[in-house]
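K.L.:
A single structure is presented below for examination.
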Amino acid sequence: MFILMLVVINFQAPVTFQIKKFALENVNRIALLQMEQEGGYSDNIGDFVREKLHIFGFDESKIQVYSDTQKPIQWGDTINLTVKYTDDYERYEFKNFNYVKVVDKPVMESTRSSVSRVYFK
């Protein structure tokens, strides 16, 4: 029975991690589409990413958003966006006939690139 509990409890952390990773990837993709339309990275896009990830349950103080392609980027030039999040990953181990809580701090990172779709005169 205790082994079954250990398996069930340890199953929650990787599932939650993958759901958060999926949310991070999708928010990054949507923000990159905005960057394409606006011609590069701006503070509004960084705020958008933080706001959307906060809705998904992310801690805003652990979110890092950056891009080396600041506005304005000419039509056809490469743009990129990186979003990083450091999360607490809790798992339990069975040692000396006792459950021991182990906390890891993995970094989720999503980097995407595309091309600007705005022409500046």
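Residues are referred to by chain and number: the chain letter is A, B, ... according to the order shown in the structure tokens, the number counts from 1 in that chain, and ligands are numbered separately from 1 in the order shown.
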Please provide the set of residues having any atom within 10 Å of region 56-62 of chain A, restricted to only C-alpha atoms, with same-chain residues fewer than 3 positions apart removed, written as a list in words.
P.N.:
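In the requested format, the answer is Ile19, Lys20, Ala23, Leu24, Val27, Val49, Arg50, Glu51, Lys52, Leu53, Lys84, Tyr85, Thr86, Asp87 and Val107 of chain A.
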K.L.:
May I have all residues of chain A that DSSP, computed from the backbone, assigns to strand (DSSP E or B), given as a PyMOL selection string?
P.N.:
chain A and resi 41+63-66+70+78-86+89-95+98-104+107-115
K.L.:
Quick one: residues within 7 Å of Val65 (chain A), only C-alpha atoms counted, chain neighbours fewer than 6 positions away excluded, as a count of residues only?
P.N.:
4
K.L.:
Please indicate the distance in Å from CA of Ile63 (chain A) to CA of Ser42 (chain A), rounded to one decimal place.
P.N.:
16.1 Å
K.L.:
Could you tell me how far CA of Phe22 (chain A) sits from CA of Thr78 (chain A), in Å to one decimal place?
P.N.:
24.0 Å
K.L.:
For Gln37 (chain A), which residue among A:Thr69, A:Ser116, A:Asn80, A:Gln18 is the nearest when counting only C-alpha atoms?
P.N.:
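Closest to Gln37 (chain A), using only C-alpha atoms: A:Ser116.
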K.L.:
Which distance in Å separates CA of Pro72 (chain A) and CA of Ile45 (chain A), to one decimal?
P.N.:
13.5 Å
K.L.:
For Pro106 (chain A), list every protein, DNA or RNA residue within 10 Å, evaluated using only C-alpha atoms, and leave out those in the same chain fewer than 2 positions away; present the list as a compact mmCIF listing (two decimals) with N, CA and C atoms, in the first residue's frame.
P.N.:
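See selection05.txt below for the written result:
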```txt
# COMPACT_ATOMS: atom_id res chain seq x y z
N PHE A 17 4.72 19.09 -14.35
CA PHE A 17 5.85 19.69 -15.06
C PHE A 17 5.59 19.74 -16.55
N TYR A 85 11.74 29.58 -17.04
CA TYR A 85 11.02 29.50 -15.77
C TYR A 85 11.67 28.44 -14.89
N THR A 86 12.00 28.83 -13.69
CA THR A 86 12.57 27.89 -12.71
C THR A 86 11.46 27.46 -11.77
N ASP A 87 11.21 26.17 -11.71
CA ASP A 87 10.09 25.65 -10.92
C ASP A 87 10.61 24.74 -9.82
N ASP A 88 9.78 24.57 -8.79
CA ASP A 88 10.09 23.60 -7.74
C ASP A 88 9.47 22.27 -8.13
N TYR A 89 10.30 21.25 -8.23
CA TYR A 89 9.88 19.92 -8.64
C TYR A 89 10.02 19.02 -7.42
N VAL A 103 13.42 18.13 -3.29
CA VAL A 103 13.00 19.25 -4.12
C VAL A 103 14.11 19.58 -5.11
N ASP A 104 13.80 19.46 -6.39
CA ASP A 104 14.72 19.85 -7.46
C ASP A 104 14.22 21.18 -8.02
N MET A 108 12.73 25.33 -17.04
CA MET A 108 12.00 25.14 -18.29
C MET A 108 12.41 26.29 -19.21
N GLU A 109 12.78 25.96 -20.42
CA GLU A 109 13.19 27.00 -21.37
C GLU A 109 12.57 26.75 -22.72
```
K.L.:
Neighbouring residues of Asn44 (chain A) were defined as those with any atom within 12 Å, considering only C-alpha atoms; residues of the same chain fewer than 3 positions away were excluded. Please report them as a PyMOL selection string.
P.N.:
chain A and resi 31+34-35+38+40-41+47-51+65-66+70-71
K.L.:
Please save N, CA and C atoms of the selected residues as a short mmCIF file (atom, residue, chain, number, x, y, z; two decimals), in the first residue's frame.
P.N.:
```cif
data_model
loop_
_atom_site.label_atom_id
_atom_site.label_comp_id
_atom_site.auth_asym_id
_atom_site.auth_seq_id
_atom_site.Cartn_x
_atom_site.Cartn_y
_atom_site.Cartn_z
N ALA A 31 3.38 34.78 -28.31
CA ALA A 31 4.14 36.03 -28.19
C ALA A 31 5.04 36.25 -29.41
N GLN A 34 3.05 37.73 -32.12
CA GLN A 34 2.88 39.17 -31.89
C GLN A 34 4.14 39.92 -32.31
N MET A 35 5.31 39.35 -32.00
CA MET A 35 6.56 39.99 -32.40
C MET A 35 6.66 40.09 -33.92
N GLU A 38 4.47 43.04 -34.89
CA GLU A 38 4.91 44.34 -34.38
C GLU A 38 6.32 44.70 -34.83
N GLY A 40 9.34 43.06 -33.84
CA GLY A 40 10.39 42.86 -32.84
C GLY A 40 9.85 42.85 -31.43
N TYR A 41 10.79 42.72 -30.49
CA TYR A 41 10.44 42.61 -29.07
C TYR A 41 10.23 43.98 -28.46
N ASP A 47 5.44 41.80 -20.89
CA ASP A 47 4.32 41.87 -19.95
C ASP A 47 3.23 40.88 -20.33
N PHE A 48 2.97 40.75 -21.64
CA PHE A 48 1.96 39.79 -22.11
C PHE A 48 2.33 38.37 -21.69
N VAL A 49 3.60 37.99 -21.88
CA VAL A 49 4.05 36.64 -21.53
C VAL A 49 3.89 36.40 -20.03
N ARG A 50 4.32 37.36 -19.21
CA ARG A 50 4.20 37.20 -17.75
C ARG A 50 2.74 37.09 -17.31
N GLU A 51 1.88 37.91 -17.92
CA GLU A 51 0.46 37.88 -17.56
C GLU A 51 -0.19 36.54 -17.92
N VAL A 65 11.97 36.66 -19.45
CA VAL A 65 11.63 36.82 -20.87
C VAL A 65 12.67 37.74 -21.49
N TYR A 66 13.29 37.29 -22.55
CA TYR A 66 14.26 38.17 -23.22
C TYR A 66 14.40 37.82 -24.68
N GLN A 70 15.28 43.57 -30.51
CA GLN A 70 14.40 44.66 -30.07
C GLN A 70 13.79 45.35 -31.29
N LYS A 71 12.65 45.99 -31.08
CA LYS A 71 11.98 46.75 -32.12
C LYS A 71 12.88 47.87 -32.61
#
```
K.L.:
Env of Arg29 (chain A): 8 Å cut, atoms = only C-alpha atoms, seq-sep filter 4 positions within chain, self excluded. Answer as a PyMOL selection string.
P.N.:
chain A and resi 25+33+112
K.L.:
Looking at A:Ser67, A:Val15, A:Gln74, A:His54, which one is nearest to Leu32 (chain A), with distances taken over only C-alpha atoms?
P.N.:
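Result for the nearest residue to Leu32 (chain A): A:Ser67.
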